[in-house]
Each structure stands twice: as structure tokens, then as C-alpha cells.
Amino acid sequence: MTLPTPSTAVPLEVTDESAAKSITSGDSKGSEGRSPGRLAWKRFKRDRTGVISACIVIFFFVIGIAAPLISKLYGKNPYTTYGSANPELFDAFSYPAGPNGGMSSDFWFGIEPQLGRDVFTFLLYAIRNSLGIAAAATILTTVVGVVIGVTAGYLGGKTDYLVGRVIDILLSFPSTLFFIAFMPVVYGIFVKPDDNPPTSLIVLSLIVVLAAFGWASIARLLRGQVLGLREREFVEAAKVTGASPMRIVFKELLPNLWTPIIIQSTLMLPAYVTAEAGLAFLGVGVTDPTPDWGVMIGRGATFYTEDITFMLFPGLAMVIFVLAFNLLGDSVRDALDPKSKR
């Protein structure tokens, strides 16, 4: 038997090392490509409905944020009553004289009956205010729900029992009726009965009240998730190594809860948009002359038999946004949790 010479042995060793590097590199790239975040993003990109819905949602947020700039370039604002300065814009009954609610090159979406405010800029600011309130309430609700739900699930015992009973009580309230009855009480604490509450107080009260009665559902969901996770091996291993409860919550539990948190948040925001608009429509939320979806729909409801245009644009815009965000929430849920897809 002929032994291999050193000159032939070395290339074999180098080849094996190169192959090992290649395999290692391939494994690292493959594991990186198979990370949960990348897989979810790939699934979401393949969902055409989700991508289109995301584009629509982003469009609404962009025009809401840029409302002052768009209004400045457009040359009008939502507060000026243009009908007072130009009486020829109205007919004898104070309705827009032009067709389709007075739509023209000067007023793209027409003007409001009786007052003559520009509908286009009023809608821009209505989107800005409504989405701002709903987004702030969603963030506050999520933070409160995560803190209470994770705390109750991790500590268990009497804390879990007490939090569970509070959640049961909150979920039993008829929220809409309670909002209608409770909002005037909140205003009365800070404002005299004969005075109108300032807009800043109304907005802050809406955000706090919506969050105060909205955190229960997400807290209950996360509590159940944590009750199952705290008995898992990786949590027990962290306890054995002497990890503090804070470290266990942030390093071990929360990374496994991002999926339900994101899903619940995407489904919560459109619900808050409709709730805020409904309260404004009923007169216990944002009030005229502050632009708001509910204010526009409430005003339009008094004119729709004679001029449906003023009600058409805010109603159609809200339906499109809420539908797009609900579809986006479904797509995000399917991307993060493929098992939930029917």
C-alpha cells in the first residue's frame, strides 16, 4: 500500500477546511434567513391584500401628519367660513350654489352648507385629529394591558385573582353607554357646568377613558400566555441561574409575546377610530368647530337630504381606512401566526 505524500495530504486538508467554512457559512445564512421575523415578512409580502391595505393605511397617516403643509399649499384652512365672504357661493337656502356640493377648482371637495367651510381641508384635519386620538389611545391601552397582564400572569396567586376580577368587571360594562354617561362627569371635574370644556381637555379625556376601558382584553390575553410560558424550561433555567424577575420578564417572556401584542394593537386602532367618531357624533367627544370624522358625519347628517356631498367624503374616507386597517390586522396575524390562517 502506497502512503500519500505530504504534497497530496495538504490540499485535502485545505479542501476539507474550505468545505467546513462553506457549510458553516451556509448554515449561518440559512438560519438567518429562517428567523421568525424574516419568515413573517416574507409571508406578509406574498399577501397582496395586506400590502395594499398597508399602503392605504400609510397614505392616511401621511396626509394626516402633513395636513398643515397640504392646507398651506392648497391656500385654505378648515376654520374660515368662505361663504360669509362670498355670498354667491350659496343659493337662497344657504346650500352650495355649484353642483356636487360646490365642487370646483377652488374648492376640490366643495363647501359646507350654511357655514361655507372648505370640505377638503376640514377632512384633512379631521383625519389628523381622529387618527392622532386613536393612535395615542391604542399606545396607552397596549402599555397598560401589557404591564397588568404580564404582572398578573407571572406573579399568580392573589394578584392574578384580583386582576382577573377587575378584568371581568370592566369587560361586563356596556362601553358605549358608559362613555356617553361618564364623559360629562369627567368634564365637570375640571370645568364649570356653564363653561364649554377646552379641546385639549376633551382629547386628553377621550384618550384616558378609551384606554381605561380598553386594556382589559389585551391584559386577559397576555395573562393566559404568561401562565403557560412561566412553567417552560427556559424560564425555570433563568430562575435557577439567579435571574431577577425583571430580567425574566424582559428577556424571556416579552420576546415570546410580541406576536399577540402586535396583532391586538392592529385590531384595536380601527375600533378606537370608530368609537371616537361615534362619541363625537353623539356630542360627548370632540365638538365643532374642531375638525373630526365624527363632527363631519354629524354635521353632514343634518344636510344629507339636500346635499349628500359633505357627508359622503368623511364617511367614505373612514370606511376605507377602517376596512384597510382591519384587513391589515388580519394579514399581520396570518404572517406572524400561520396556524391561524383559514
# chains A, B, ... in the order shown; residues from 1 in each chain; ligands from 1
>>> residues_around(residues="A:Ala97", least_positions_apart="6", cutoff="10 Å", atoms="only C-alpha atoms", output="ChimeraX atom specification")
/A:87-91,103,111,113
>>> residues_around(residues="A:Ala212", least_positions_apart="4", cutoff="12 Å", atoms="only C-alpha atoms", output="JSON, numbers by chain")
{"A": [137, 138, 140, 141, 142, 143, 144, 145, 166, 167, 170, 171, 173, 175, 178, 179, 182, 205, 206, 207, 208, 216, 217, 219]}
>>> write_last_selection(atoms="C-alpha atoms", output="tab-separated table (two decimals), in the first residue's frame")
chain	number	residue	atom	x	y	z
A	137	ALA	CA	-55.30	55.65	22.95
A	138	THR	CA	-54.00	52.46	21.31
A	140	LEU	CA	-51.62	53.79	26.11
A	141	THR	CA	-54.01	50.83	26.13
A	142	THR	CA	-51.29	48.47	24.92
A	143	VAL	CA	-48.77	49.65	27.52
A	144	VAL	CA	-51.26	49.35	30.39
A	145	GLY	CA	-52.56	45.99	29.16
A	166	VAL	CA	-61.21	43.60	37.75
A	167	ILE	CA	-60.95	42.47	34.11
A	170	LEU	CA	-64.54	46.01	33.03
A	171	LEU	CA	-65.49	43.60	30.23
A	173	PHE	CA	-69.59	47.21	31.10
A	175	SER	CA	-68.71	50.65	26.93
A	178	PHE	CA	-70.80	54.19	29.80
A	179	PHE	CA	-68.79	56.62	27.66
A	182	PHE	CA	-69.15	59.17	32.02
A	205	SER	CA	-60.18	62.69	28.47
A	206	LEU	CA	-61.02	60.62	25.40
A	207	ILE	CA	-57.57	59.02	25.35
A	208	VAL	CA	-57.62	58.21	29.08
A	216	ALA	CA	-58.80	44.54	29.89
A	217	SER	CA	-59.00	42.43	26.72
A	219	ALA	CA	-54.38	42.04	29.58
>>> residues_around(residues="A:Thr274", least_positions_apart="3", cutoff="9 Å", atoms="only C-alpha atoms", output="PyMOL selection string")
chain A and resi 134+269-271+277-279+293-294+318+322
>>> select_by_dssp(residues="stretch 20-202 of chain A", states="alpha helix (DSSP H)", output="MDAnalysis selection string")
chainID A and resid 20:33 36:46 48:65 67:74 82:85 99:102 119:155 157:172 175:190 199:202
>>> residues_around(residues="A:Val119", least_positions_apart="5", cutoff="10 Å", atoms="only C-alpha atoms", output="PyMOL selection string")
chain A and resi 77-78+101-103+107-113+124+296+309-311+313-314
>>> write_last_selection(atoms="all heavy atoms", output="compact mmCIF listing (two decimals), in the first residue's frame")
# COMPACT_ATOMS: atom_id res chain seq x y z
N ASN A 77 -57.96 76.94 4.82
CA ASN A 77 -57.88 76.31 6.12
C ASN A 77 -59.28 75.81 6.52
O ASN A 77 -60.27 76.22 5.91
CB ASN A 77 -57.33 77.27 7.17
CG ASN A 77 -58.24 78.46 7.39
OD1 ASN A 77 -59.27 78.35 8.05
ND2 ASN A 77 -57.86 79.62 6.83
N PRO A 78 -59.37 74.95 7.52
CA PRO A 78 -60.67 74.35 7.86
C PRO A 78 -61.57 75.23 8.72
O PRO A 78 -62.70 74.82 9.02
CB PRO A 78 -60.28 73.09 8.61
CG PRO A 78 -58.98 73.43 9.25
CD PRO A 78 -58.28 74.34 8.29
N GLY A 101 -72.22 69.84 -4.30
CA GLY A 101 -71.76 70.48 -3.07
C GLY A 101 -70.82 71.64 -3.27
O GLY A 101 -70.09 72.01 -2.36
N GLY A 102 -70.84 72.23 -4.47
CA GLY A 102 -69.97 73.37 -4.74
C GLY A 102 -68.57 72.99 -5.14
O GLY A 102 -67.64 73.80 -5.01
N MET A 103 -68.35 71.78 -5.64
CA MET A 103 -67.02 71.34 -6.06
C MET A 103 -66.57 72.16 -7.26
O MET A 103 -67.31 72.36 -8.22
CB MET A 103 -67.03 69.85 -6.39
CG MET A 103 -67.30 68.95 -5.21
SD MET A 103 -67.46 67.19 -5.66
CE MET A 103 -65.84 66.89 -6.33
N PHE A 107 -62.53 74.88 -4.72
CA PHE A 107 -62.95 74.02 -3.60
C PHE A 107 -63.09 72.60 -4.13
O PHE A 107 -64.12 72.22 -4.68
CB PHE A 107 -64.27 74.51 -3.01
CG PHE A 107 -64.23 75.93 -2.50
CD1 PHE A 107 -64.67 76.98 -3.30
CD2 PHE A 107 -63.74 76.22 -1.24
CE1 PHE A 107 -64.62 78.29 -2.84
CE2 PHE A 107 -63.69 77.52 -0.77
CZ PHE A 107 -64.13 78.56 -1.58
N TRP A 108 -62.03 71.81 -3.94
CA TRP A 108 -61.95 70.49 -4.57
C TRP A 108 -63.06 69.57 -4.11
O TRP A 108 -63.60 68.80 -4.91
CB TRP A 108 -60.60 69.87 -4.26
CG TRP A 108 -59.45 70.59 -4.89
CD1 TRP A 108 -59.51 71.62 -5.78
CD2 TRP A 108 -58.06 70.33 -4.68
NE1 TRP A 108 -58.26 72.04 -6.14
CE2 TRP A 108 -57.33 71.25 -5.49
CE3 TRP A 108 -57.34 69.42 -3.91
CZ2 TRP A 108 -55.94 71.28 -5.54
CZ3 TRP A 108 -55.96 69.45 -3.95
CH2 TRP A 108 -55.26 70.37 -4.75
N PHE A 109 -63.39 69.59 -2.84
CA PHE A 109 -64.44 68.73 -2.31
C PHE A 109 -65.71 69.51 -1.99
O PHE A 109 -66.60 69.00 -1.32
CB PHE A 109 -63.97 68.02 -1.04
CG PHE A 109 -62.97 66.91 -1.29
CD1 PHE A 109 -62.51 66.64 -2.57
CD2 PHE A 109 -62.50 66.12 -0.24
CE1 PHE A 109 -61.59 65.64 -2.80
CE2 PHE A 109 -61.59 65.10 -0.48
CZ PHE A 109 -61.13 64.86 -1.76
N GLY A 110 -65.80 70.73 -2.46
CA GLY A 110 -66.97 71.55 -2.22
C GLY A 110 -66.88 72.32 -0.91
O GLY A 110 -65.81 72.38 -0.27
N ILE A 111 -67.99 72.93 -0.50
CA ILE A 111 -68.04 73.71 0.73
C ILE A 111 -69.17 73.19 1.61
O ILE A 111 -70.10 72.54 1.14
CB ILE A 111 -68.25 75.21 0.43
CG1 ILE A 111 -69.54 75.43 -0.35
CG2 ILE A 111 -67.05 75.79 -0.29
CD1 ILE A 111 -69.87 76.89 -0.58
N GLU A 112 -69.06 73.51 2.89
CA GLU A 112 -70.06 73.05 3.85
C GLU A 112 -71.32 73.90 3.75
O GLU A 112 -71.24 75.14 3.67
CB GLU A 112 -69.49 73.14 5.26
CG GLU A 112 -70.44 72.71 6.35
CD GLU A 112 -69.89 72.98 7.72
OE1 GLU A 112 -68.83 73.62 7.83
OE2 GLU A 112 -70.52 72.54 8.71
N PRO A 113 -72.50 73.31 3.74
CA PRO A 113 -73.74 74.09 3.74
C PRO A 113 -73.82 75.02 4.95
O PRO A 113 -73.31 74.71 6.03
CB PRO A 113 -74.83 73.02 3.77
CG PRO A 113 -74.19 71.80 3.21
CD PRO A 113 -72.76 71.87 3.65
N LEU A 124 -58.95 66.87 5.89
CA LEU A 124 -57.55 66.60 6.21
C LEU A 124 -57.29 66.71 7.70
O LEU A 124 -56.66 65.83 8.31
CB LEU A 124 -56.65 67.57 5.45
CG LEU A 124 -56.52 67.41 3.93
CD1 LEU A 124 -55.60 68.48 3.37
CD2 LEU A 124 -55.98 66.03 3.57
N MET A 296 -67.78 65.80 11.31
CA MET A 296 -68.17 65.95 9.91
C MET A 296 -69.40 65.11 9.59
O MET A 296 -70.33 65.56 8.92
CB MET A 296 -67.02 65.58 8.98
CG MET A 296 -65.85 66.54 9.01
SD MET A 296 -64.68 66.24 7.65
CE MET A 296 -65.62 66.88 6.25
N THR A 309 -72.98 65.54 -0.35
CA THR A 309 -71.55 65.61 -0.59
C THR A 309 -70.76 65.80 0.69
O THR A 309 -69.72 65.17 0.90
CB THR A 309 -71.22 66.75 -1.56
OG1 THR A 309 -72.04 66.63 -2.72
CG2 THR A 309 -69.77 66.70 -2.00
N PHE A 310 -71.24 66.68 1.58
CA PHE A 310 -70.50 66.97 2.81
C PHE A 310 -70.37 65.73 3.69
O PHE A 310 -69.37 65.57 4.40
CB PHE A 310 -71.20 68.10 3.57
CG PHE A 310 -70.45 68.55 4.79
CD1 PHE A 310 -69.24 69.22 4.66
CD2 PHE A 310 -70.93 68.30 6.06
CE1 PHE A 310 -68.53 69.63 5.79
CE2 PHE A 310 -70.23 68.72 7.19
CZ PHE A 310 -69.03 69.38 7.05
N MET A 311 -71.34 64.86 3.66
CA MET A 311 -71.29 63.63 4.45
C MET A 311 -70.59 62.50 3.70
O MET A 311 -70.04 61.59 4.33
CB MET A 311 -72.71 63.20 4.83
CG MET A 311 -72.77 62.03 5.80
SD MET A 311 -74.48 61.64 6.26
CE MET A 311 -74.20 60.30 7.42
N PHE A 313 -67.79 62.43 1.71
CA PHE A 313 -66.33 62.34 1.77
C PHE A 313 -65.82 61.83 3.12
O PHE A 313 -65.00 60.90 3.15
CB PHE A 313 -65.71 63.69 1.43
CG PHE A 313 -65.79 64.03 -0.03
CD1 PHE A 313 -66.60 65.05 -0.48
CD2 PHE A 313 -65.05 63.32 -0.97
CE1 PHE A 313 -66.69 65.36 -1.82
CE2 PHE A 313 -65.12 63.61 -2.32
CZ PHE A 313 -65.95 64.65 -2.75
N PRO A 314 -66.25 62.37 4.26
CA PRO A 314 -65.75 61.80 5.53
C PRO A 314 -66.23 60.38 5.77
O PRO A 314 -65.47 59.55 6.30
CB PRO A 314 -66.31 62.76 6.58
CG PRO A 314 -67.48 63.41 5.94
CD PRO A 314 -67.12 63.52 4.49
>>> closest_residue(among="A:Ser265, A:Ile297, A:Ser200, A:Phe213", to="A:Ser172", atoms="only C-alpha atoms")
A:Phe213
>>> select_by_dssp(residues="stretch 9-170 of chain A", states="strand (DSSP E or B)", output="ChimeraX atom specification")
/A:90,96,111,118
>>> write_last_selection(atoms="N, CA, C and O atoms", output="mmCIF file, in the first residue's frame")
data_model
loop_
_atom_site.group_PDB
_atom_site.id
_atom_site.type_symbol
_atom_site.label_atom_id
_atom_site.label_comp_id
_atom_site.auth_asym_id
_atom_site.auth_seq_id
_atom_site.Cartn_x
_atom_site.Cartn_y
_atom_site.Cartn_z
ATOM 1 N N PHE A 90 -73.458 80.457 -2.160
ATOM 2 C CA PHE A 90 -74.664 79.824 -1.651
ATOM 3 C C PHE A 90 -75.865 80.204 -2.505
ATOM 4 O O PHE A 90 -75.892 81.257 -3.157
ATOM 5 N N PRO A 96 -74.717 75.033 -1.104
ATOM 6 C CA PRO A 96 -73.774 75.386 -2.161
ATOM 7 C C PRO A 96 -74.478 75.607 -3.495
ATOM 8 O O PRO A 96 -75.299 74.789 -3.920
ATOM 9 N N ILE A 111 -67.988 72.927 -0.501
ATOM 10 C CA ILE A 111 -68.041 73.705 0.727
ATOM 11 C C ILE A 111 -69.172 73.192 1.610
ATOM 12 O O ILE A 111 -70.102 72.544 1.143
ATOM 13 N N ASP A 118 -64.319 75.016 3.858
ATOM 14 C CA ASP A 118 -63.770 74.162 2.799
ATOM 15 C C ASP A 118 -63.749 72.710 3.276
ATOM 16 O O ASP A 118 -63.135 72.383 4.308
#
>>> atom_distance(atom1="atom CA of A:Gly298", atom2="atom CA of A:Asn100")
19.1 Å
>>> closest_residue(among="A:Ala67, A:Asn256, A:Ile320, A:Gln264", to="A:Leu221", atoms="only C-alpha atoms")
A:Gln264
>>> atom_distance(atom1="atom CA of A:Ala211", atom2="atom CA of A:Ala335")
27.0 Å
>>> atom_distance(atom1="atom CA of A:Leu115", atom2="atom CA of A:Thr81")
5.5 Å
>>> decode(residues="stretch 96-133 of chain A", atoms="N, CA, C and O atoms", output="short mmCIF file (atom, residue, chain, number, x, y, z; two decimals), in the first residue's frame")
data_model
loop_
_atom_site.label_atom_id
_atom_site.label_comp_id
_atom_site.auth_asym_id
_atom_site.auth_seq_id
_atom_site.Cartn_x
_atom_site.Cartn_y
_atom_site.Cartn_z
N PRO A 96 -74.72 75.03 -1.10
CA PRO A 96 -73.77 75.39 -2.16
C PRO A 96 -74.48 75.61 -3.50
O PRO A 96 -75.30 74.79 -3.92
N ALA A 97 -74.14 76.72 -4.14
CA ALA A 97 -74.80 77.07 -5.40
C ALA A 97 -74.30 76.19 -6.54
O ALA A 97 -75.05 75.88 -7.48
N GLY A 98 -73.05 75.78 -6.49
CA GLY A 98 -72.49 74.95 -7.54
C GLY A 98 -72.93 73.50 -7.43
O GLY A 98 -73.48 73.06 -6.40
N PRO A 99 -72.72 72.72 -8.49
CA PRO A 99 -73.11 71.30 -8.45
C PRO A 99 -72.21 70.48 -7.54
O PRO A 99 -71.07 70.87 -7.25
N ASN A 100 -72.73 69.36 -7.07
CA ASN A 100 -71.97 68.42 -6.23
C ASN A 100 -71.38 69.10 -5.00
O ASN A 100 -70.20 68.94 -4.67
N GLY A 101 -72.22 69.84 -4.30
CA GLY A 101 -71.76 70.48 -3.07
C GLY A 101 -70.82 71.64 -3.27
O GLY A 101 -70.09 72.01 -2.36
N GLY A 102 -70.84 72.23 -4.47
CA GLY A 102 -69.97 73.37 -4.74
C GLY A 102 -68.57 72.99 -5.14
O GLY A 102 -67.64 73.80 -5.01
N MET A 103 -68.35 71.78 -5.64
CA MET A 103 -67.02 71.34 -6.06
C MET A 103 -66.57 72.16 -7.26
O MET A 103 -67.31 72.36 -8.22
N SER A 104 -65.32 72.63 -7.20
CA SER A 104 -64.76 73.44 -8.27
C SER A 104 -63.25 73.41 -8.16
O SER A 104 -62.68 72.73 -7.28
N SER A 105 -62.58 74.15 -9.02
CA SER A 105 -61.12 74.22 -8.96
C SER A 105 -60.65 74.93 -7.69
O SER A 105 -59.53 74.72 -7.23
N ASP A 106 -61.49 75.80 -7.13
CA ASP A 106 -61.15 76.49 -5.88
C ASP A 106 -61.48 75.65 -4.66
O ASP A 106 -60.76 75.72 -3.65
N PHE A 107 -62.53 74.88 -4.72
CA PHE A 107 -62.95 74.02 -3.60
C PHE A 107 -63.09 72.60 -4.13
O PHE A 107 -64.12 72.22 -4.68
N TRP A 108 -62.03 71.81 -3.94
CA TRP A 108 -61.95 70.49 -4.57
C TRP A 108 -63.06 69.57 -4.11
O TRP A 108 -63.60 68.80 -4.91
N PHE A 109 -63.39 69.59 -2.84
CA PHE A 109 -64.44 68.73 -2.31
C PHE A 109 -65.71 69.51 -1.99
O PHE A 109 -66.60 69.00 -1.32
N GLY A 110 -65.80 70.73 -2.46
CA GLY A 110 -66.97 71.55 -2.22
C GLY A 110 -66.88 72.32 -0.91
O GLY A 110 -65.81 72.38 -0.27
N ILE A 111 -67.99 72.93 -0.50
CA ILE A 111 -68.04 73.71 0.73
C ILE A 111 -69.17 73.19 1.61
O ILE A 111 -70.10 72.54 1.14
N GLU A 112 -69.06 73.51 2.89
CA GLU A 112 -70.06 73.05 3.85
C GLU A 112 -71.32 73.90 3.75
O GLU A 112 -71.24 75.14 3.67
N PRO A 113 -72.50 73.31 3.74
CA PRO A 113 -73.74 74.09 3.74
C PRO A 113 -73.82 75.02 4.95
O PRO A 113 -73.31 74.71 6.03
N GLN A 114 -74.43 76.16 4.75
CA GLN A 114 -74.68 77.19 5.77
C GLN A 114 -73.42 77.96 6.16
O GLN A 114 -73.41 79.19 6.12
N LEU A 115 -72.35 77.27 6.56
CA LEU A 115 -71.15 77.97 7.01
C LEU A 115 -70.16 78.25 5.89
O LEU A 115 -69.43 79.23 5.95
N GLY A 116 -70.07 77.37 4.92
CA GLY A 116 -69.18 77.60 3.79
C GLY A 116 -67.73 77.25 4.06
O GLY A 116 -66.83 77.77 3.38
N ARG A 117 -67.44 76.37 5.02
CA ARG A 117 -66.06 75.95 5.24
C ARG A 117 -65.61 74.99 4.14
O ARG A 117 -66.42 74.25 3.58
N ASP A 118 -64.32 75.02 3.86
CA ASP A 118 -63.77 74.16 2.80
C ASP A 118 -63.75 72.71 3.28
O ASP A 118 -63.14 72.38 4.31
N VAL A 119 -64.39 71.83 2.53
CA VAL A 119 -64.54 70.43 2.94
C VAL A 119 -63.21 69.70 2.86
O VAL A 119 -62.89 68.85 3.71
N PHE A 120 -62.38 70.01 1.87
CA PHE A 120 -61.12 69.29 1.68
C PHE A 120 -60.19 69.48 2.88
O PHE A 120 -59.68 68.50 3.45
N THR A 121 -59.94 70.72 3.26
CA THR A 121 -59.04 70.96 4.40
C THR A 121 -59.67 70.51 5.71
O THR A 121 -58.97 70.03 6.61
N PHE A 122 -60.99 70.64 5.83
CA PHE A 122 -61.66 70.16 7.04
C PHE A 122 -61.48 68.65 7.18
O PHE A 122 -61.25 68.13 8.29
N LEU A 123 -61.55 67.93 6.06
CA LEU A 123 -61.36 66.48 6.10
C LEU A 123 -59.92 66.12 6.44
O LEU A 123 -59.67 65.17 7.19
N LEU A 124 -58.95 66.87 5.89
CA LEU A 124 -57.55 66.60 6.21
C LEU A 124 -57.29 66.71 7.70
O LEU A 124 -56.66 65.83 8.31
N TYR A 125 -57.77 67.77 8.31
CA TYR A 125 -57.56 67.95 9.74
C TYR A 125 -58.40 66.97 10.55
O TYR A 125 -58.02 66.60 11.67
N ALA A 126 -59.56 66.58 10.04
CA ALA A 126 -60.36 65.58 10.72
C ALA A 126 -59.63 64.24 10.78
O ALA A 126 -59.62 63.55 11.82
N ILE A 127 -58.99 63.86 9.68
CA ILE A 127 -58.19 62.63 9.65
C ILE A 127 -57.04 62.75 10.64
O ILE A 127 -56.74 61.80 11.39
N ARG A 128 -56.39 63.90 10.65
CA ARG A 128 -55.25 64.13 11.55
C ARG A 128 -55.67 63.97 13.00
O ARG A 128 -55.02 63.26 13.78
N ASN A 129 -56.76 64.63 13.39
CA ASN A 129 -57.18 64.60 14.79
C ASN A 129 -57.71 63.23 15.20
O ASN A 129 -57.38 62.72 16.28
N SER A 130 -58.53 62.62 14.35
CA SER A 130 -59.11 61.32 14.70
C SER A 130 -58.05 60.24 14.82
O SER A 130 -58.05 59.44 15.77
N LEU A 131 -57.12 60.20 13.86
CA LEU A 131 -56.07 59.19 13.91
C LEU A 131 -55.11 59.45 15.06
O LEU A 131 -54.59 58.51 15.68
N GLY A 132 -54.86 60.72 15.37
CA GLY A 132 -53.99 61.04 16.50
C GLY A 132 -54.57 60.56 17.82
O GLY A 132 -53.86 59.97 18.65
N ILE A 133 -55.86 60.80 18.02
CA ILE A 133 -56.52 60.35 19.25
C ILE A 133 -56.53 58.83 19.32
O ILE A 133 -56.22 58.23 20.36
#
